[in-house]
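Q: Structure file structure_26.csv (CSV, C-alpha atoms) right here:
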```csv
chain,number,residue,atom,x,y,z
A,3,MET,CA,35.4,-14.1,8.4
A,4,LYS,CA,34.0,-11.4,6.2
A,5,THR,CA,35.5,-8.6,8.4
A,6,PHE,CA,39.0,-9.8,7.5
A,7,HIS,CA,38.1,-9.9,3.8
A,8,ILE,CA,37.0,-6.2,4.1
A,9,PHE,CA,40.3,-5.4,5.8
A,10,ALA,CA,42.4,-7.0,3.1
A,11,ALA,CA,40.5,-5.0,0.4
A,12,MET,CA,41.0,-1.7,2.2
A,13,LYS,CA,44.6,-2.4,2.8
A,14,ARG,CA,45.4,-1.9,-0.9
A,15,VAL,CA,43.9,1.6,-0.7
A,16,GLY,CA,46.6,2.6,1.7
A,17,SER,CA,44.2,4.4,4.1
A,18,SER,CA,45.5,5.3,7.5
A,19,LEU,CA,42.1,4.1,8.8
A,20,LEU,CA,43.3,0.5,8.5
A,21,LEU,CA,45.1,0.4,11.8
A,22,TYR,CA,41.9,1.2,13.6
A,23,LEU,CA,39.9,-1.3,11.6
A,24,PHE,CA,42.5,-4.0,12.3
A,25,THR,CA,42.2,-3.5,16.1
A,26,PHE,CA,38.4,-2.7,16.3
A,27,VAL,CA,36.7,-5.0,13.9
A,28,PRO,CA,37.9,-8.3,15.3
A,29,LEU,CA,36.7,-7.2,18.7
A,30,ILE,CA,33.2,-6.5,17.5
A,31,ALA,CA,32.5,-10.1,16.3
A,32,GLN,CA,35.0,-12.9,16.6
A,33,ASN,CA,35.2,-16.6,16.7
A,34,PHE,CA,36.6,-16.6,20.2
A,35,PRO,CA,35.1,-17.4,23.7
A,36,VAL,CA,35.6,-13.8,24.9
A,37,GLY,CA,34.7,-10.5,23.1
A,38,ILE,CA,32.4,-7.6,22.9
A,39,VAL,CA,30.2,-9.8,20.7
A,40,SER,CA,31.4,-13.4,21.1
A,41,VAL,CA,30.6,-15.7,18.2
A,42,GLN,CA,31.4,-19.4,18.2
A,43,ASP,CA,30.4,-22.4,16.2
A,44,SER,CA,30.0,-24.5,19.3
A,45,VAL,CA,30.4,-23.8,23.0
A,46,LYS,CA,32.4,-26.5,24.8
A,47,SER,CA,33.2,-24.7,28.1
A,48,VAL,CA,32.6,-21.0,28.7
A,49,GLN,CA,31.6,-18.2,26.3
A,50,PHE,CA,31.5,-14.6,27.4
A,51,GLY,CA,30.3,-11.5,25.5
A,52,VAL,CA,30.2,-8.0,26.9
A,53,ILE,CA,27.1,-7.3,24.7
A,54,SER,CA,26.1,-10.6,23.3
A,55,SER,CA,27.1,-14.3,23.0
A,56,VAL,CA,26.2,-16.3,19.9
A,57,ALA,CA,26.7,-20.1,19.4
A,58,ALA,CA,25.7,-21.2,15.8
A,59,ASP,CA,25.8,-25.0,16.6
A,60,GLY,CA,24.8,-24.9,20.2
A,61,GLY,CA,27.0,-26.8,22.7
A,62,HIS,CA,27.3,-27.3,26.4
A,63,GLY,CA,28.8,-25.3,29.2
A,64,VAL,CA,28.2,-21.7,30.3
A,65,GLN,CA,27.1,-18.8,28.0
A,66,LEU,CA,27.4,-15.4,29.6
A,67,SER,CA,26.7,-11.9,28.3
A,68,GLY,CA,25.7,-8.4,29.4
A,69,PHE,CA,22.5,-8.3,27.3
A,70,SER,CA,21.6,-11.5,25.3
A,71,ASN,CA,22.6,-15.1,24.7
A,72,THR,CA,21.6,-17.0,21.5
A,73,SER,CA,22.1,-20.6,20.5
A,74,ALA,CA,20.9,-21.7,17.1
A,75,HIS,CA,20.8,-25.4,18.2
A,76,LYS,CA,20.4,-27.3,21.4
A,77,PHE,CA,22.4,-25.9,24.3
A,78,ASN,CA,23.0,-27.7,27.6
A,79,GLY,CA,24.2,-25.8,30.6
A,80,LEU,CA,23.8,-22.2,31.9
A,81,GLN,CA,22.6,-19.2,29.9
A,82,LEU,CA,22.9,-16.0,32.0
A,83,SER,CA,22.2,-12.4,30.8
A,84,SER,CA,20.4,-9.3,31.8
A,85,ILE,CA,17.8,-9.2,29.0
A,86,SER,CA,17.3,-12.4,27.0
A,87,ASN,CA,18.3,-16.0,26.5
A,88,ILE,CA,17.3,-17.9,23.4
A,89,THR,CA,18.0,-21.5,22.3
A,90,GLN,CA,16.4,-24.1,20.1
A,91,GLY,CA,16.4,-26.8,22.8
A,92,MET,CA,17.8,-27.5,26.3
A,93,ASP,CA,18.6,-30.6,28.3
A,94,LYS,CA,19.5,-30.3,32.0
A,95,GLY,CA,20.1,-26.6,31.8
A,96,LEU,CA,19.2,-23.2,33.3
A,97,GLN,CA,18.2,-20.0,31.6
A,98,LEU,CA,18.4,-17.0,33.9
A,99,SER,CA,17.6,-13.5,32.7
A,100,GLY,CA,16.0,-10.3,33.8
A,101,ILE,CA,13.3,-10.2,31.0
A,102,LEU,CA,13.0,-13.0,28.5
A,103,ASN,CA,13.8,-16.7,28.2
A,104,VAL,CA,12.9,-18.7,25.0
A,105,VAL,CA,13.3,-22.4,24.2
A,106,SER,CA,11.8,-23.1,20.8
A,107,ALA,CA,11.9,-26.9,21.2
A,108,MET,CA,12.0,-29.3,24.2
A,109,GLN,CA,12.9,-27.7,27.5
A,110,ARG,CA,14.0,-30.1,30.3
A,111,GLY,CA,15.7,-27.5,32.5
A,112,VAL,CA,14.6,-24.4,34.4
A,113,GLN,CA,13.7,-21.0,33.0
A,114,TRP,CA,13.8,-18.1,35.5
A,115,GLY,CA,12.9,-14.6,34.2
A,116,ALA,CA,10.1,-12.1,33.9
A,117,VAL,CA,8.7,-13.8,30.7
A,118,ASN,CA,9.4,-17.5,29.9
A,119,TYR,CA,8.4,-19.4,26.8
A,120,ALA,CA,8.9,-23.1,25.9
A,121,ASP,CA,7.5,-25.1,23.0
A,122,SER,CA,7.5,-28.3,25.1
A,123,LEU,CA,8.1,-28.1,28.9
A,124,ASN,CA,9.5,-31.0,30.9
A,125,GLY,CA,11.1,-28.8,33.5
A,126,ALA,CA,10.0,-25.7,35.3
A,127,GLN,CA,9.2,-22.0,34.5
A,128,ILE,CA,9.5,-19.4,37.2
A,129,GLY,CA,8.5,-15.8,36.4
A,130,VAL,CA,5.8,-13.2,36.1
A,131,PHE,CA,4.4,-14.6,32.8
A,132,ASN,CA,5.0,-18.2,31.7
A,133,ILE,CA,3.9,-19.7,28.4
A,134,ALA,CA,4.2,-23.3,27.3
A,135,ARG,CA,2.6,-24.9,24.3
A,136,LYS,CA,2.9,-28.4,25.7
A,137,ARG,CA,3.7,-29.4,29.2
A,138,PRO,CA,4.0,-33.2,29.5
A,139,LYS,CA,5.6,-33.1,32.9
A,140,GLY,CA,6.4,-29.5,33.5
A,141,TRP,CA,5.7,-26.9,36.3
A,142,GLN,CA,4.8,-23.3,35.9
A,143,VAL,CA,5.2,-20.9,38.8
A,144,GLY,CA,4.3,-17.3,38.3
A,145,LEU,CA,1.6,-14.6,38.4
A,146,VAL,CA,0.1,-15.7,35.0
A,147,ASN,CA,0.6,-19.2,33.7
A,148,LEU,CA,-0.6,-20.0,30.1
A,149,SER,CA,-0.4,-23.4,28.4
A,150,TYR,CA,-2.0,-25.0,25.4
A,151,ASP,CA,-2.8,-28.3,27.1
A,152,SER,CA,-4.4,-29.3,30.5
A,153,ILE,CA,-1.5,-31.5,31.6
A,154,GLY,CA,1.1,-30.5,34.1
A,155,HIS,CA,1.1,-28.3,37.2
A,156,LYS,CA,0.5,-24.6,37.7
A,157,ILE,CA,1.0,-22.4,40.7
A,158,GLY,CA,0.0,-18.8,40.2
A,159,LEU,CA,-2.6,-16.1,40.6
A,160,ILE,CA,-4.1,-16.7,37.1
A,161,ASN,CA,-3.8,-20.2,35.4
A,162,ILE,CA,-5.1,-20.6,31.9
A,163,ASN,CA,-5.4,-23.7,29.7
A,164,PRO,CA,-7.8,-24.9,27.0
A,165,MET,CA,-10.2,-26.1,29.6
A,166,THR,CA,-10.4,-22.8,31.4
A,167,ASP,CA,-13.7,-20.9,31.3
A,168,ILE,CA,-13.3,-17.1,31.4
A,169,ASP,CA,-16.3,-15.1,32.7
A,170,ILE,CA,-16.9,-11.4,32.7
A,171,MET,CA,-18.7,-10.4,35.9
A,172,LEU,CA,-20.7,-7.4,36.8
A,173,TYR,CA,-22.2,-7.6,40.3
A,174,GLY,CA,-22.9,-5.8,43.6
A,175,GLY,CA,-21.6,-6.6,47.1
A,176,SER,CA,-21.3,-5.6,50.7
A,177,SER,CA,-17.6,-4.6,50.4
A,178,THR,CA,-17.5,-2.7,47.2
A,179,LYS,CA,-21.0,-1.8,46.0
A,180,GLY,CA,-20.3,-2.0,42.3
A,181,ASN,CA,-17.8,-4.5,40.8
A,182,LEU,CA,-16.4,-5.4,37.4
A,183,ALA,CA,-14.2,-8.5,37.3
A,184,VAL,CA,-12.9,-11.4,35.3
A,185,ARG,CA,-13.2,-14.9,36.6
A,186,TYR,CA,-11.0,-17.8,35.5
A,187,ARG,CA,-12.6,-21.2,36.2
A,188,ASN,CA,-10.7,-24.5,36.0
A,189,LYS,CA,-11.8,-28.0,37.1
A,190,ASN,CA,-12.8,-27.1,40.7
A,191,MET,CA,-11.0,-23.9,41.4
A,192,TYR,CA,-11.3,-20.3,40.2
A,193,SER,CA,-9.7,-16.9,40.6
A,194,ILE,CA,-11.2,-13.5,40.2
A,195,MET,CA,-9.5,-10.2,39.5
A,196,GLY,CA,-11.4,-7.0,39.3
A,197,VAL,CA,-12.1,-3.4,40.4
A,198,GLY,CA,-14.9,-2.0,42.6
A,199,THR,CA,-16.3,1.3,43.7
A,200,HIS,CA,-17.6,2.9,46.9
A,201,PHE,CA,-15.8,0.8,49.4
A,202,MET,CA,-16.4,3.4,52.2
A,203,GLY,CA,-20.2,3.5,51.5
A,204,LEU,CA,-22.5,5.3,49.2
A,205,ASP,CA,-22.9,8.2,51.7
A,206,SER,CA,-19.2,8.8,51.8
A,207,LYS,CA,-16.8,10.3,49.3
A,208,PHE,CA,-15.8,8.3,46.2
A,209,SER,CA,-13.6,5.3,47.0
A,210,GLY,CA,-12.5,2.3,45.1
A,211,ALA,CA,-10.6,-1.0,45.3
A,212,VAL,CA,-8.6,-3.5,43.3
A,213,PHE,CA,-9.1,-7.0,44.4
A,214,TYR,CA,-8.1,-10.6,43.9
A,215,ARG,CA,-10.0,-13.6,45.1
A,216,ARG,CA,-9.3,-17.4,45.0
A,217,GLY,CA,-11.9,-20.1,45.7
A,218,LEU,CA,-13.5,-23.5,45.2
A,219,TYR,CA,-16.7,-24.3,43.5
A,220,LYS,CA,-19.1,-27.3,43.0
A,221,GLN,CA,-21.2,-27.5,39.9
A,222,LEU,CA,-24.7,-28.5,41.0
A,223,SER,CA,-26.4,-28.3,37.6
A,224,PRO,CA,-25.7,-26.8,34.2
A,225,LYS,CA,-27.0,-23.5,35.5
A,226,TRP,CA,-26.2,-23.6,39.2
A,227,SER,CA,-23.0,-23.9,41.2
A,228,LEU,CA,-22.0,-23.5,44.9
A,229,SER,CA,-18.7,-21.7,45.6
A,230,GLY,CA,-16.7,-20.0,48.3
A,231,ASP,CA,-13.5,-17.9,48.1
A,232,VAL,CA,-11.1,-15.6,50.0
A,233,GLY,CA,-9.5,-12.5,48.7
A,234,TYR,CA,-7.4,-9.4,49.1
A,235,TYR,CA,-8.5,-5.8,48.6
A,236,HIS,CA,-6.4,-2.7,48.0
A,237,VAL,CA,-8.5,0.3,48.9
A,238,GLU,CA,-8.0,3.8,47.6
A,239,THR,CA,-9.9,6.8,48.8
A,240,PHE,CA,-8.4,9.2,46.2
A,241,SER,CA,-8.1,12.0,48.8
A,242,LYS,CA,-5.7,14.8,48.2
A,243,ILE,CA,-2.3,14.6,49.9
A,244,ILE,CA,-2.2,17.1,52.6
A,245,ALA,CA,0.9,18.0,54.6
A,246,ARG,CA,0.7,16.3,57.9
A,247,SER,CA,-0.1,18.4,60.9
A,248,PRO,CA,0.9,16.3,64.0
A,249,SER,CA,-1.6,16.4,66.8
A,250,VAL,CA,0.5,14.2,69.2
A,251,CYS,CA,3.8,14.9,70.9
A,252,THR,CA,6.9,14.1,68.8
A,253,PRO,CA,10.5,14.7,70.0
A,254,CYS,CA,11.5,16.3,66.7
A,255,ARG,CA,9.5,19.5,67.5
A,256,PRO,CA,10.8,20.6,70.9
A,257,ALA,CA,10.1,24.3,70.3
A,258,SER,CA,6.4,23.8,69.7
A,259,MET,CA,6.0,21.4,72.6
A,260,PRO,CA,6.5,23.1,76.0
A,261,THR,CA,7.3,20.6,78.7
A,262,THR,CA,6.6,21.0,82.4
A,263,VAL,CA,8.3,18.6,84.8
A,264,SER,CA,6.7,18.3,88.3
A,265,THR,CA,8.4,16.6,91.2
A,266,ALA,CA,5.5,17.1,93.6
A,267,ASN,CA,4.4,13.5,93.7
A,268,THR,CA,5.8,11.4,96.5
A,269,VAL,CA,5.5,7.7,96.4
A,270,PRO,CA,5.9,5.6,99.6
A,271,LEU,CA,8.5,2.9,99.2
A,272,HIS,CA,8.4,-0.1,101.6
A,273,ARG,CA,11.4,-2.0,102.7
A,274,TRP,CA,11.5,-5.2,104.7
A,275,ASP,CA,14.1,-5.5,107.5
A,276,GLY,CA,13.8,-8.8,109.2
A,277,ASP,CA,10.4,-9.0,111.1
A,278,SER,CA,10.0,-5.3,111.4
A,279,ARG,CA,8.7,-3.2,108.5
A,280,ALA,CA,10.2,0.2,107.8
A,281,THR,CA,8.6,2.7,105.6
A,282,THR,CA,10.6,5.1,103.5
A,283,THR,CA,9.1,8.0,101.7
A,284,ALA,CA,10.8,9.0,98.5
A,285,THR,CA,10.1,11.5,95.8
A,286,ARG,CA,9.6,10.2,92.2
A,287,PRO,CA,9.7,12.8,89.5
A,288,THR,CA,6.8,12.7,86.9
A,289,ALA,CA,6.6,14.6,83.7
A,290,THR,CA,3.6,16.5,82.5
A,291,VAL,CA,3.8,17.3,78.8
A,292,ARG,CA,1.7,19.8,77.0
A,293,CYS,CA,1.5,19.5,73.2
A,294,SER,CA,0.8,22.3,70.8
A,295,ARG,CA,-0.8,21.5,67.5
A,296,LEU,CA,1.3,22.8,64.6
A,297,ASP,CA,-0.8,24.9,62.3
```
Render the structure in this file as structure tokens.
A:
Amino acid sequence: MKTFHIFAAMKRVGSSLLLYLFTFVPLIAQNFPVGIVSVQDSVKSVQFGVISSVAADGGHGVQLSGFSNTSAHKFNGLQLSSISNITQGMDKGLQLSGILNVVSAMQRGVQWGAVNYADSLNGAQIGVFNIARKRPKGWQVGLVNLSYDSIGHKIGLININPMTDIDIMLYGGSSTKGNLAVRYRNKNMYSIMGVGTHFMGLDSKFSGAVFYRRGLYKQLSPKWSLSGDVGYYHVETFSKIIARSPSVCTPCRPASMPTTVSTANTVPLHRWDGDSRATTTATRPTATVRCSRLD
């Protein structure tokens, strides 16, 4: 490797720094399954890098690292890292990362991360944002699913393909009086995401909402359609946060909540004794609590 050539050249100089280079440089990048940055020609079992793992010729097995895994050719098996996994192709494998998974060719396994990309998807993508150029038999499950063909299956809040019609909507309603939204229409289903104002009414202080709606529609004519949907609203009144002033009794404020206990109430208790009925009068204590509002 180049690092060892550099070491041989510096050895002739006679510098005392050579000992440190001899012990440090091979740990930075080495042709070995385990290292700070592990570099191998081909993975055949397990590769682990504290920072990164790199396989120039791909391979099969398990590729682990603290931050990123990279395979320049097809890799079959498990790629596991905290940030990113990248390979040129994958058969019967799993990419699992906290941020990004990339397969630049055919992907027949599973990608699980925040952002997933595959050139051709015959497996599954699970994440926040999923992208696939072609999906002959693939599934996309996430908040936003994007593909460049209309084949395959999508489960998400927003699903976009070349057949999707995107509409900008400005309208009024009974829930929020003024609304601005984007509608994504597919074959017979649509989803709407938008914002609205004055949820509490025009005669009240300013309030707003962020909403998502999902529904079905039937195209009656080129200009008319019949639709119905259900949705979720998050309402915000934008009121200032004021320190709470409790108006009910709470056990955590005993000094401000004088308590008077009265045992004046008597409750008759009846006891059956054979055929005769005996009546016993007992006293049941009841508590009367007065609460003081904390100013």
Q: Within 6 Å of Asn124 of chain A, counting only C-alpha atoms, which residues show up once you throw out same-chain ones fewer than 4 positions away? Write them as a list of chain:residue names, please.
A: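 These residues fall inside the cut-off: A:Gln109, A:Arg110, A:Lys139, A:Gly140.
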Q: Restricted to C-alpha atoms, what would the selected residues look like written as a compact mmCIF listing (two decimals), keeping the file's coordinate frame?
A:
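Written out: selection_15.txt:
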```
# COMPACT_ATOMS: atom_id res chain seq x y z
CA GLN A 109 12.90 -27.70 27.50
CA ARG A 110 14.00 -30.10 30.30
CA LYS A 139 5.60 -33.10 32.90
CA GLY A 140 6.40 -29.50 33.50
```
Q: Identify which of the residues A:Ile160, A:Val48, A:Leu98, A:Ala126 lies closest to Leu148 of chain A, counting only C-alpha atoms when measuring atom-to-atom distances.
A: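 Closest to Leu148 of chain A, using only C-alpha atoms: A:Ile160.
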Q: Have a look at A:Val212, A:Val64, A:Ala74, A:Val232 and name the one nearest to Gln90 of chain A; count only C-alpha atoms.
A: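 Ranked by minimum distance to Gln90 of chain A, first place goes to A:Ala74.
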Q: Ranking A:Leu204, A:Val105, A:Val56, A:Val112 by minimum distance to Ser177 of chain A and counting all atoms listed in the file, which one comes first?
A: A:Leu204
Q: What's the separation between atom CA of Val104 of chain A and atom CA of Val143 of chain A, in Å to one decimal place?
A: 16.0 Å
Q: Would you mind reading off the distance between atom CA of Gln42 of chain A and atom CA of Asp59 of chain A, one decimal, in Å?
A: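 Calculated distance between atom CA of Gln42 of chain A and atom CA of Asp59 of chain A is 8.1 Å.
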Q: At a cut-off of 10 Å, using all atoms listed in the file, what residues contact Gly203 of chain A? Leave out same-chain residues fewer than 6 positions from it and give the result as a PyMOL selection string.
A: chain A and resi 176-179+209
Q: Quick one: everything within 9 Å of Ser54 of chain A, counting only C-alpha atoms, minus sequence neighbours fewer than 3 positions away in the same chain. Send it as a list in words.
A: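 Answer for this query is Gly37, Ile38, Val39, Ser40, Val41, Phe50, Gly51, Leu66, Ser67, Gly68, Phe69, Ser70, Asn71, Thr72 and Ser83 of chain A.
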Q: Between atom CA of Tyr186 of chain A and atom CA of Leu145 of chain A, what is the distance in Å, rounded to a tenth?
A: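 Separation between atom CA of Tyr186 of chain A and atom CA of Leu145 of chain A: 13.3 Å.
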Q: Looking at A:Ser86, A:Ser44, A:Gln113, A:Gln65, which one is nearest to Gly100 of chain A, with distances taken over only C-alpha atoms?
A: A:Ser86
Q: Counting only C-alpha atoms, which of A:Trp141, A:Phe201, A:Trp226, A:Trp114 gets nearest to Gly175 of chain A?
A: A:Phe201
Q: Counting all atoms listed in the file, figure out which residue out of A:Asn190, A:Ser73, A:Asn118, A:Ser84 gets nearest to Ile53 of chain A.
A: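 Closest residue, counting all atoms listed in the file: A:Ser84.
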Q: Is there a way to get, as a list of chain:residue names, all residues within 12 Å of the point (-20.2, -23.9, 40.6) in file coordinates, counting all atoms listed in the file?
A: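 Those residues, ordered by chain and then number, are A:Asp167, A:Arg187, A:Asn188, A:Lys189, A:Asn190, A:Met191, A:Tyr192, A:Gly217, A:Leu218, A:Tyr219, A:Lys220, A:Gln221, A:Leu222, A:Ser223, A:Pro224, A:Lys225, A:Trp226, A:Ser227, A:Leu228, A:Ser229, A:Gly230, A:Asp231.
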Q: Mind listing whatever residues come within 7 Å of the point (-20.8, 1.3, 41.1)? Use all atoms listed in the file, file coordinates, and give them as a list of chain:residue names.
A: A:Lys179, A:Gly180, A:Asn181, A:Gly198, A:Thr199, A:His200
Q: Please provide as a PyMOL selection string all residues within 6 Å of Leu182 of chain A, with the sequence filter that same-chain residues fewer than 6 positions apart are discarded (counting only C-alpha atoms).
A: chain A and resi 171-172+196-197
Q: Near Ser193 of chain A, counting only C-alpha atoms, which residues have an atom at most 6 Å away, once you skip same-chain residues fewer than 4 positions from it, shown as a ChimeraX atom specification?
A: /A:185-186,215-216
